file start_14.pdb (PDB, C-alpha atoms, pLDDT in the B column)
ATOM      1  CA  MET L  15       0.000   0.000   0.000  1.00 48.00           C
ATOM      2  CA  SER L  16       1.484   3.317  -1.007  1.00 51.00           C
ATOM      3  CA  ALA L  17       1.785   6.123   1.519  1.00 51.00           C
ATOM      4  CA  PRO L  18      -0.658   9.017   1.114  1.00 53.00           C
ATOM      5  CA  GLU L  19       0.723  12.036  -0.651  1.00 51.00           C
ATOM      6  CA  PRO L  20       1.597  14.898   1.683  1.00 46.00           C
ATOM      7  CA  THR L  21      -0.794  17.842   1.781  1.00 46.00           C
ATOM      8  CA  PRO L  22       0.712  20.710  -0.194  1.00 46.00           C
ATOM      9  CA  PRO L  23       1.348  23.897   1.790  1.00 43.00           C
ATOM     10  CA  PRO L  24      -1.177  26.702   1.275  1.00 51.00           C
ATOM     11  CA  ALA L  25      -0.348  29.132  -1.480  1.00 56.00           C
ATOM     12  CA  ASN L  26       1.427  32.281  -0.385  1.00 56.00           C
ATOM     13  CA  ARG L  27      -0.811  35.067  -1.678  1.00 54.00           C
ATOM     14  CA  LEU L  28       1.727  37.796  -0.994  1.00 47.00           C
ATOM     15  CA  ARG L  29       4.468  36.084  -3.023  1.00 48.00           C
ATOM     16  CA  ALA L  30       1.975  35.328  -5.773  1.00 47.00           C
ATOM     17  CA  THR L  31       1.090  39.019  -6.031  1.00 59.00           C
ATOM     18  CA  ALA L  32       3.219  41.036  -8.430  1.00 48.00           C
ATOM     19  CA  VAL L  33       5.623  43.315  -6.586  1.00 46.00           C
ATOM     20  CA  GLY L  34       4.005  46.477  -7.906  1.00 48.00           C
ATOM     21  CA  GLU L  35       0.563  45.265  -6.792  1.00 58.00           C
ATOM     22  CA  ARG L  36       1.466  44.422  -3.194  1.00 67.00           C
ATOM     23  CA  PRO L  37      -0.191  46.515  -0.432  1.00 69.00           C
ATOM     24  CA  GLN L  38       2.895  48.528   0.503  1.00 76.00           C
ATOM     25  CA  GLU L  39       3.681  49.459  -3.088  1.00 80.00           C
ATOM     26  CA  ARG L  40       0.049  50.342  -3.806  1.00 79.00           C
ATOM     27  CA  LEU L  41      -0.063  52.451  -0.643  1.00 80.00           C
ATOM     28  CA  GLN L  42       3.017  54.391  -1.726  1.00 81.00           C
ATOM     29  CA  LYS L  43       1.720  54.912  -5.265  1.00 79.00           C
ATOM     30  CA  PHE L  44      -1.953  55.613  -4.744  1.00 75.00           C
ATOM     31  CA  GLY L  45      -2.516  56.396  -1.058  1.00 80.00           C
ATOM     32  CA  ALA L  46      -4.469  54.571   1.646  1.00 78.00           C
ATOM     33  CA  ALA L  47      -7.877  55.194   0.065  1.00 75.00           C
ATOM     34  CA  ALA L  48      -6.924  52.947  -2.875  1.00 75.00           C
ATOM     35  CA  LEU L  49      -6.374  49.895  -0.663  1.00 75.00           C
ATOM     36  CA  SER L  50      -9.032  47.293  -0.001  1.00 81.00           C
ATOM     37  CA  ASP L  51     -10.065  46.411   3.562  1.00 83.00           C
ATOM     38  CA  THR L  52      -7.868  43.320   3.357  1.00 82.00           C
ATOM     39  CA  GLU L  53      -4.864  45.312   2.162  1.00 82.00           C
ATOM     40  CA  LEU L  54      -5.268  47.935   4.897  1.00 81.00           C
ATOM     41  CA  LEU L  55      -5.422  45.242   7.539  1.00 83.00           C
ATOM     42  CA  ALA L  56      -2.392  43.526   5.993  1.00 82.00           C
ATOM     43  CA  MET L  57      -0.437  46.772   6.372  1.00 82.00           C
ATOM     44  CA  LEU L  58      -1.308  46.849  10.074  1.00 80.00           C
ATOM     45  CA  LEU L  59      -0.342  43.209  10.552  1.00 79.00           C
ATOM     46  CA  ARG L  60       2.939  43.851   8.668  1.00 71.00           C
ATOM     47  CA  SER L  61       3.888  40.162   8.538  1.00 63.00           C
ATOM     48  CA  GLY L  62       2.411  36.713   8.665  1.00 52.00           C
ATOM     49  CA  THR L  63       3.858  33.396   9.781  1.00 55.00           C
ATOM     50  CA  ARG L  64       5.084  30.278   8.036  1.00 56.00           C
ATOM     51  CA  GLY L  65       2.173  28.971   6.004  1.00 55.00           C
ATOM     52  CA  HIS L  66       0.078  32.062   6.766  1.00 65.00           C
ATOM     53  CA  ASP L  67       1.176  35.059   4.710  1.00 75.00           C
ATOM     54  CA  VAL L  68      -0.069  38.474   5.754  1.00 77.00           C
ATOM     55  CA  LEU L  69      -2.733  38.773   3.027  1.00 80.00           C
ATOM     56  CA  THR L  70      -4.190  35.378   3.882  1.00 81.00           C
ATOM     57  CA  LEU L  71      -4.157  36.266   7.583  1.00 83.00           C
ATOM     58  CA  ALA L  72      -5.932  39.573   6.907  1.00 84.00           C
ATOM     59  CA  THR L  73      -8.535  37.775   4.794  1.00 84.00           C
ATOM     60  CA  GLN L  74      -9.166  35.254   7.584  1.00 85.00           C
ATOM     61  CA  LEU L  75      -9.593  38.042  10.161  1.00 85.00           C
ATOM     62  CA  ILE L  76     -12.202  39.861   8.093  1.00 84.00           C
ATOM     63  CA  ALA L  77     -13.993  36.596   7.321  1.00 87.00           C
ATOM     64  CA  GLU L  78     -14.159  35.693  11.029  1.00 86.00           C
ATOM     65  CA  ALA L  79     -15.398  39.171  12.021  1.00 81.00           C
ATOM     66  CA  GLY L  80     -17.851  39.394   9.112  1.00 81.00           C
ATOM     67  CA  SER L  81     -16.397  42.722   7.982  1.00 79.00           C
ATOM     68  CA  LEU L  82     -13.633  45.163   8.817  1.00 79.00           C
ATOM     69  CA  ALA L  83     -16.106  47.055  11.028  1.00 75.00           C
ATOM     70  CA  GLY L  84     -16.843  43.816  12.888  1.00 78.00           C
ATOM     71  CA  LEU L  85     -13.343  43.881  14.350  1.00 81.00           C
ATOM     72  CA  ILE L  86     -14.301  46.867  16.517  1.00 76.00           C
ATOM     73  CA  GLY L  87     -15.907  44.432  18.941  1.00 73.00           C
ATOM     74  CA  TRP L  88     -12.878  42.143  19.237  1.00 82.00           C
ATOM     75  CA  ASN L  89     -10.537  41.889  22.210  1.00 81.00           C
ATOM     76  CA  ALA L  90      -7.012  40.489  22.440  1.00 84.00           C
ATOM     77  CA  ALA L  91      -8.256  36.950  23.113  1.00 85.00           C
ATOM     78  CA  ASP L  92     -10.366  37.034  19.944  1.00 86.00           C
ATOM     79  CA  PHE L  93      -7.376  38.054  17.813  1.00 85.00           C
ATOM     80  CA  LYS L  94      -5.109  35.410  19.339  1.00 87.00           C
ATOM     81  CA  LYS L  95      -7.483  32.635  18.275  1.00 86.00           C
ATOM     82  CA  LEU L  96      -6.110  32.982  14.758  1.00 83.00           C
ATOM     83  CA  LYS L  97      -2.860  31.202  14.010  1.00 82.00           C
ATOM     84  CA  GLY L  98      -0.248  33.822  13.224  1.00 79.00           C
ATOM     85  CA  ILE L  99      -1.380  36.387  15.795  1.00 84.00           C
ATOM     86  CA  GLY L 100       0.568  36.323  19.044  1.00 85.00           C
ATOM     87  CA  PRO L 101       0.168  38.390  22.229  1.00 88.00           C
ATOM     88  CA  VAL L 102       2.063  41.457  20.979  1.00 86.00           C
ATOM     89  CA  LYS L 103       0.301  41.625  17.618  1.00 85.00           C
ATOM     90  CA  ALA L 104      -3.055  41.085  19.340  1.00 86.00           C
ATOM     91  CA  LEU L 105      -2.436  44.059  21.635  1.00 87.00           C
ATOM     92  CA  GLN L 106      -1.370  46.204  18.678  1.00 85.00           C
ATOM     93  CA  LEU L 107      -4.617  45.387  16.888  1.00 84.00           C
ATOM     94  CA  VAL L 108      -6.700  46.072  20.012  1.00 82.00           C
ATOM     95  CA  THR L 109      -4.993  49.458  20.264  1.00 85.00           C
ATOM     96  CA  VAL L 110      -5.820  50.296  16.639  1.00 82.00           C
ATOM     97  CA  VAL L 111      -9.441  49.258  17.195  1.00 80.00           C
ATOM     98  CA  GLU L 112      -9.699  51.499  20.260  1.00 78.00           C
ATOM     99  CA  VAL L 113      -8.195  54.444  18.360  1.00 80.00           C
ATOM    100  CA  ALA L 114     -10.822  53.910  15.635  1.00 76.00           C
ATOM    101  CA  ARG L 115     -13.586  53.773  18.240  1.00 71.00           C
ATOM    102  CA  ARG L 116     -12.466  57.049  19.816  1.00 72.00           C
ATOM    103  CA  VAL L 117     -12.037  58.821  16.498  1.00 71.00           C
ATOM    104  CA  LEU L 118     -15.597  57.880  15.563  1.00 65.00           C
ATOM    105  CA  GLY L 119     -16.773  59.242  18.889  1.00 61.00           C
ATOM    106  CA  GLN L 120     -14.940  62.551  18.439  1.00 60.00           C
ATOM    107  CA  GLN L 121     -15.936  63.450  14.911  1.00 58.00           C
ATOM    108  CA  THR L 122     -15.879  67.177  14.290  1.00 55.00           C
ATOM    109  CA  GLY L 123     -18.398  69.336  12.486  1.00 57.00           C
ATOM    110  CA  GLU L 124     -21.699  70.713  13.714  1.00 65.00           C
ATOM    111  CA  ALA L 125     -22.564  69.441  17.180  1.00 78.00           C
ATOM    112  CA  PRO L 126     -24.948  66.489  16.822  1.00 80.00           C
ATOM    113  CA  LEU L 127     -28.633  66.949  17.538  1.00 85.00           C
ATOM    114  CA  LEU L 128     -29.625  64.532  20.310  1.00 89.00           C
ATOM    115  CA  ASN L 129     -33.338  65.054  20.823  1.00 88.00           C
ATOM    116  CA  ARG L 130     -34.503  61.529  19.945  1.00 90.00           C
ATOM    117  CA  ALA L 131     -33.595  58.050  21.125  1.00 91.00           C
ATOM    118  CA  ASP L 132     -32.511  56.889  17.663  1.00 90.00           C
ATOM    119  CA  LEU L 133     -30.148  59.865  17.264  1.00 92.00           C
ATOM    120  CA  ILE L 134     -28.633  59.252  20.690  1.00 93.00           C
ATOM    121  CA  ILE L 135     -28.108  55.554  19.960  1.00 91.00           C
ATOM    122  CA  ALA L 136     -26.524  56.287  16.574  1.00 89.00           C
ATOM    123  CA  TYR L 137     -24.146  58.773  18.212  1.00 89.00           C
ATOM    124  CA  MET L 138     -23.143  56.471  21.068  1.00 90.00           C
ATOM    125  CA  GLN L 139     -22.944  53.140  19.227  1.00 85.00           C
ATOM    126  CA  PRO L 140     -19.308  53.462  18.056  1.00 80.00           C
ATOM    127  CA  LEU L 141     -18.232  54.044  21.674  1.00 83.00           C
ATOM    128  CA  VAL L 142     -20.241  51.167  23.077  1.00 85.00           C
ATOM    129  CA  ALA L 143     -19.652  48.439  20.482  1.00 79.00           C
ATOM    130  CA  GLY L 144     -17.632  45.554  21.855  1.00 75.00           C
ATOM    131  CA  LEU L 145     -17.182  46.907  25.390  1.00 80.00           C
ATOM    132  CA  VAL L 146     -16.806  44.178  28.016  1.00 80.00           C
ATOM    133  CA  VAL L 147     -17.084  46.555  30.988  1.00 84.00           C
ATOM    134  CA  GLU L 148     -19.934  48.812  31.998  1.00 90.00           C
ATOM    135  CA  LYS L 149     -19.426  52.532  31.446  1.00 91.00           C
ATOM    136  CA  PHE L 150     -21.583  55.535  32.272  1.00 93.00           C
ATOM    137  CA  TRP L 151     -21.597  58.700  30.143  1.00 94.00           C
ATOM    138  CA  LEU L 152     -23.152  62.118  30.493  1.00 95.00           C
ATOM    139  CA  LEU L 153     -24.253  64.092  27.439  1.00 96.00           C
ATOM    140  CA  CYS L 154     -24.500  67.818  28.145  1.00 95.00           C
ATOM    141  CA  LEU L 155     -26.873  69.599  25.741  1.00 95.00           C
ATOM    142  CA  ASP L 156     -27.479  73.233  24.815  1.00 94.00           C
ATOM    143  CA  ARG L 157     -30.875  74.935  24.444  1.00 93.00           C
ATOM    144  CA  ARG L 158     -31.350  73.355  20.998  1.00 92.00           C
ATOM    145  CA  ASN L 159     -30.552  69.874  22.331  1.00 92.00           C
ATOM    146  CA  ARG L 160     -27.226  69.835  20.528  1.00 93.00           C
ATOM    147  CA  LEU L 161     -24.213  68.319  22.215  1.00 92.00           C
ATOM    148  CA  LEU L 162     -22.028  70.592  24.322  1.00 91.00           C
ATOM    149  CA  ARG L 163     -19.860  67.874  25.839  1.00 91.00           C
ATOM    150  CA  ARG L 164     -19.706  64.127  26.339  1.00 91.00           C
ATOM    151  CA  GLU L 165     -18.145  63.024  29.612  1.00 90.00           C
ATOM    152  CA  GLU L 166     -17.334  59.499  30.779  1.00 90.00           C
ATOM    153  CA  ILE L 167     -18.350  59.528  34.441  1.00 91.00           C
ATOM    154  CA  THR L 168     -17.414  56.000  35.489  1.00 89.00           C
ATOM    155  CA  SER L 169     -15.937  52.821  34.060  1.00 85.00           C
ATOM    156  CA  GLY L 170     -16.747  49.697  36.039  1.00 79.00           C
ATOM    157  CA  THR L 171     -16.098  45.993  35.988  1.00 64.00           C
ATOM    158  CA  ALA L 172     -17.651  43.387  33.748  1.00 62.00           C
ATOM    159  CA  HIS L 173     -20.608  43.266  36.129  1.00 60.00           C
ATOM    160  CA  ALA L 174     -21.494  46.740  37.377  1.00 61.00           C
ATOM    161  CA  THR L 175     -20.704  50.397  37.646  1.00 65.00           C
ATOM    162  CA  LEU L 176     -22.165  53.234  39.647  1.00 74.00           C
ATOM    163  CA  ALA L 177     -22.689  56.882  38.802  1.00 83.00           C
ATOM    164  CA  HIS L 178     -23.342  59.260  41.678  1.00 88.00           C
ATOM    165  CA  PRO L 179     -25.665  62.189  40.866  1.00 90.00           C
ATOM    166  CA  ARG L 180     -23.135  64.545  42.456  1.00 91.00           C
ATOM    167  CA  GLU L 181     -20.519  63.635  39.819  1.00 90.00           C
ATOM    168  CA  VAL L 182     -23.038  63.796  36.990  1.00 93.00           C
ATOM    169  CA  PHE L 183     -24.411  67.236  37.758  1.00 95.00           C
ATOM    170  CA  ARG L 184     -21.060  68.695  38.747  1.00 93.00           C
ATOM    171  CA  VAL L 185     -20.083  68.288  35.101  1.00 93.00           C
ATOM    172  CA  ALA L 186     -23.459  69.554  33.860  1.00 95.00           C
ATOM    173  CA  ILE L 187     -23.176  72.731  35.953  1.00 95.00           C
ATOM    174  CA  ARG L 188     -19.575  73.306  34.877  1.00 93.00           C
ATOM    175  CA  GLU L 189     -20.602  73.066  31.203  1.00 92.00           C
ATOM    176  CA  SER L 190     -23.666  75.314  31.709  1.00 94.00           C
ATOM    177  CA  ALA L 191     -25.820  72.569  30.223  1.00 95.00           C
ATOM    178  CA  SER L 192     -29.455  73.341  29.477  1.00 95.00           C
ATOM    179  CA  ALA L 193     -30.332  69.645  29.683  1.00 96.00           C
ATOM    180  CA  VAL L 194     -28.611  66.294  30.034  1.00 96.00           C
ATOM    181  CA  VAL L 195     -28.924  62.705  28.874  1.00 96.00           C
ATOM    182  CA  CYS L 196     -27.340  59.834  30.769  1.00 96.00           C
ATOM    183  CA  ILE L 197     -26.164  56.679  29.004  1.00 95.00           C
ATOM    184  CA  HIS L 198     -24.717  53.421  30.195  1.00 94.00           C
ATOM    185  CA  ASN L 199     -24.141  50.053  28.572  1.00 93.00           C
ATOM    186  CA  HIS L 200     -24.847  46.479  29.619  1.00 93.00           C
ATOM    187  CA  PRO L 201     -21.989  44.216  28.500  1.00 90.00           C
ATOM    188  CA  SER L 202     -24.382  41.244  28.681  1.00 90.00           C
ATOM    189  CA  GLY L 203     -26.282  42.775  25.778  1.00 91.00           C
ATOM    190  CA  ASP L 204     -29.679  42.734  27.515  1.00 94.00           C
ATOM    191  CA  PRO L 205     -30.626  46.394  28.087  1.00 94.00           C
ATOM    192  CA  PHE L 206     -33.453  45.735  30.544  1.00 94.00           C
ATOM    193  CA  PRO L 207     -32.819  47.849  33.677  1.00 94.00           C
ATOM    194  CA  SER L 208     -31.638  46.229  36.882  1.00 92.00           C
ATOM    195  CA  PRO L 209     -32.912  47.298  40.332  1.00 92.00           C
ATOM    196  CA  GLY L 210     -29.678  49.280  40.666  1.00 91.00           C
ATOM    197  CA  ASP L 211     -30.363  51.050  37.363  1.00 93.00           C
ATOM    198  CA  LEU L 212     -33.856  51.992  38.562  1.00 94.00           C
ATOM    199  CA  ALA L 213     -32.478  53.325  41.854  1.00 93.00           C
ATOM    200  CA  VAL L 214     -29.780  55.418  40.165  1.00 93.00           C
ATOM    201  CA  THR L 215     -32.321  56.843  37.717  1.00 95.00           C
ATOM    202  CA  LYS L 216     -34.562  57.973  40.567  1.00 94.00           C
ATOM    203  CA  GLN L 217     -31.595  59.652  42.231  1.00 94.00           C
ATOM    204  CA  LEU L 218     -30.603  61.353  38.976  1.00 95.00           C
ATOM    205  CA  ALA L 219     -34.157  62.599  38.363  1.00 95.00           C
ATOM    206  CA  ALA L 220     -34.353  64.058  41.882  1.00 95.00           C
ATOM    207  CA  ALA L 221     -30.955  65.743  41.512  1.00 95.00           C
ATOM    208  CA  ALA L 222     -31.977  67.177  38.127  1.00 95.00           C
ATOM    209  CA  LYS L 223     -34.968  68.907  39.704  1.00 95.00           C
ATOM    210  CA  THR L 224     -32.814  70.253  42.526  1.00 94.00           C
ATOM    211  CA  VAL L 225     -30.305  71.929  40.183  1.00 95.00           C
ATOM    212  CA  ASP L 226     -32.963  72.807  37.564  1.00 96.00           C
ATOM    213  CA  ILE L 227     -31.191  70.991  34.698  1.00 96.00           C
ATOM    214  CA  PRO L 228     -33.700  68.676  32.985  1.00 96.00           C
ATOM    215  CA  LEU L 229     -32.759  65.002  32.666  1.00 96.00           C
ATOM    216  CA  LEU L 230     -34.205  64.265  29.235  1.00 96.00           C
ATOM    217  CA  ASP L 231     -33.470  60.552  29.351  1.00 96.00           C
ATOM    218  CA  HIS L 232     -31.393  57.794  30.859  1.00 96.00           C
ATOM    219  CA  MET L 233     -30.694  55.118  28.267  1.00 95.00           C
ATOM    220  CA  ILE L 234     -29.173  51.658  28.524  1.00 95.00           C
ATOM    221  CA  ILE L 235     -27.469  50.317  25.407  1.00 94.00           C
ATOM    222  CA  GLY L 236     -27.146  46.592  24.802  1.00 93.00           C
ATOM    223  CA  ARG L 237     -27.271  44.484  21.643  1.00 91.00           C
ATOM    224  CA  ILE L 238     -30.267  43.781  19.456  1.00 90.00           C
ATOM    225  CA  ALA L 239     -29.518  40.046  19.409  1.00 89.00           C
ATOM    226  CA  ALA L 240     -29.577  39.864  23.228  1.00 90.00           C
ATOM    227  CA  ASP L 241     -32.651  42.068  23.707  1.00 91.00           C
ATOM    228  CA  PRO L 242     -35.926  40.083  24.031  1.00 90.00           C
ATOM    229  CA  LEU L 243     -37.711  43.102  22.533  1.00 89.00           C
ATOM    230  CA  GLY L 244     -35.267  43.291  19.606  1.00 90.00           C
ATOM    231  CA  ARG L 245     -34.428  46.981  20.075  1.00 91.00           C
ATOM    232  CA  GLY L 246     -30.965  46.837  21.636  1.00 92.00           C
ATOM    233  CA  PHE L 247     -31.605  49.691  24.059  1.00 94.00           C
ATOM    234  CA  TYR L 248     -33.869  50.804  26.887  1.00 95.00           C
ATOM    235  CA  SER L 249     -35.152  54.354  27.397  1.00 95.00           C
ATOM    236  CA  PHE L 250     -36.356  55.360  30.864  1.00 95.00           C
ATOM    237  CA  ALA L 251     -38.204  58.314  29.317  1.00 94.00           C
ATOM    238  CA  ALA L 252     -40.026  56.112  26.830  1.00 92.00           C
ATOM    239  CA  GLY L 253     -40.775  53.691  29.667  1.00 90.00           C
ATOM    240  CA  GLY L 254     -42.519  56.454  31.609  1.00 91.00           C
ATOM    241  CA  LEU L 255     -39.948  56.393  34.413  1.00 89.00           C
ATOM    242  CA  LEU L 256     -38.764  59.990  33.940  1.00 87.00           C
TER     243      LEU L 256
END
call {"tool": "encode", "arguments": {"input": "start_14.pdb", "output": "structure tokens"}}
result
Amino acid sequence: MSAPEPTPPPANRLRATAVGERPQERLQKFGAAALSDTELLAMLLRSGTRGHDVLTLATQLIAEAGSLAGLIGWNAADFKKLKGIGPVKALQLVTVVEVARRVLGQQTGEAPLLNRADLIIAYMQPLVAGLVVEKFWLLCLDRRNRLLRREEITSGTAHATLAHPREVFRVAIRESASAVVCIHNHPSGDPFPSPGDLAVTKQLAAAAKTVDIPLLDHMIIGRIAADPLGRGFYSFAAGGLL
């Protein structure tokens, strides 16, 4: 009986690509906008491993995440699951993802209008996507309900965080806010409020009346897939609790 033929090694896509068409050369010639998502990611990875060239590795990453944008929810452990990505490279990629998240959250231009739940969710989603800890933000608004300032009040553990009304309204008073919206996320994905969330909201509403700065809403952001109601968020104002 003859021995089975050995499995041929996977083709090296980078070597198979003409020198002038490789990501680095295309970047130098045409600029970053000319590169595909795979090529941009390959430039960040810089190198692959034996049997896993950098273009193949980039392709696998995007396939696993579903898209380049899907990587914004990944942590170091997720990246390290792929052969060819070690601890250092995983941390580098996590850093790039966090930079992208913060850039999206700090886009310039006219201050966003935040007078509806859908507008607030759209504004906050890039900051919340993929977080594994609970954070609490304050949105300070002007008289037209446009954003004056976004402030992260607390960052908790994977299970809970707490925002004291004193800290929330200290910022609101400093910014001369005409109104405020409070936001926090549930890493579990289910946005239904906990007893602690209900208690904090009552405290915030009472403090808002004391300082005469309206609390327009307190919203909890989760994930649509984990929300029994299929919305991905909970609004205390819409729920009649403010």
call {"tool": "residues_around", "arguments": {"input": "start_14.pdb", "residues": "Tyr248 of chain L", "least_positions_apart": "2", "cutoff": "10 Å", "atoms": "all atoms listed in the file", "output": "PDB file with C-alpha atoms, in the frame of the given file"}}
result
ATOM      1  CA  ALA L 131     -33.595  58.050  21.125  1.00 91.00           C
ATOM      2  CA  ILE L 197     -26.164  56.679  29.004  1.00 95.00           C
ATOM      3  CA  ASN L 199     -24.141  50.053  28.572  1.00 93.00           C
ATOM      4  CA  ASP L 204     -29.679  42.734  27.515  1.00 94.00           C
ATOM      5  CA  PRO L 205     -30.626  46.394  28.087  1.00 94.00           C
ATOM      6  CA  PHE L 206     -33.453  45.735  30.544  1.00 94.00           C
ATOM      7  CA  PRO L 207     -32.819  47.849  33.677  1.00 94.00           C
ATOM      8  CA  HIS L 232     -31.393  57.794  30.859  1.00 96.00           C
ATOM      9  CA  MET L 233     -30.694  55.118  28.267  1.00 95.00           C
ATOM     10  CA  ILE L 234     -29.173  51.658  28.524  1.00 95.00           C
ATOM     11  CA  ILE L 235     -27.469  50.317  25.407  1.00 94.00           C
ATOM     12  CA  GLY L 236     -27.146  46.592  24.802  1.00 93.00           C
ATOM     13  CA  ASP L 241     -32.651  42.068  23.707  1.00 91.00           C
ATOM     14  CA  LEU L 243     -37.711  43.102  22.533  1.00 89.00           C
ATOM     15  CA  ARG L 245     -34.428  46.981  20.075  1.00 91.00           C
ATOM     16  CA  GLY L 246     -30.965  46.837  21.636  1.00 92.00           C
ATOM     17  CA  PHE L 250     -36.356  55.360  30.864  1.00 95.00           C
ATOM     18  CA  ALA L 251     -38.204  58.314  29.317  1.00 94.00           C
ATOM     19  CA  ALA L 252     -40.026  56.112  26.830  1.00 92.00           C
ATOM     20  CA  GLY L 253     -40.775  53.691  29.667  1.00 90.00           C
TER      21      GLY L 253
END
call {"tool": "atom_distance", "arguments": {"input": "start_14.pdb", "atom1": "atom CA of Lys103 of chain L", "atom2": "atom CA of Trp88 of chain L"}}
result
13.3 Å
call {"tool": "residues_around", "arguments": {"input": "start_14.pdb", "residues": "Ala193 of chain L", "least_positions_apart": "5", "cutoff": "12 Å", "atoms": "only C-alpha atoms", "output": "count of residues only"}}
result
30
call {"tool": "resolve_selection", "arguments": {"input": "start_14.pdb", "expression": "the PyMOL selection byres ((chain L and resi 73) around 9)", "output": "list in words"}}
result
Asp51, Thr52, Glu53, Leu55, Ala56, Val68, Leu69, Thr70, Leu71, Ala72, Gln74, Leu75, Ile76, Ala77 and Glu78 of chain L
call {"tool": "resolve_selection", "arguments": {"input": "start_14.pdb", "expression": "the PyMOL selection byres ((chain L and resi 146) around 10)", "output": "number ranges by chain"}}
result
L: 87-89, 142-145, 147-149, 170-173, 199-203
call {"tool": "closest_residue", "arguments": {"input": "start_14.pdb", "among": "L:Leu133, L:Leu255, L:Ala240, L:Met57", "to": "Thr215 of chain L", "atoms": "all atoms listed in the file"}}
result
L:Leu255
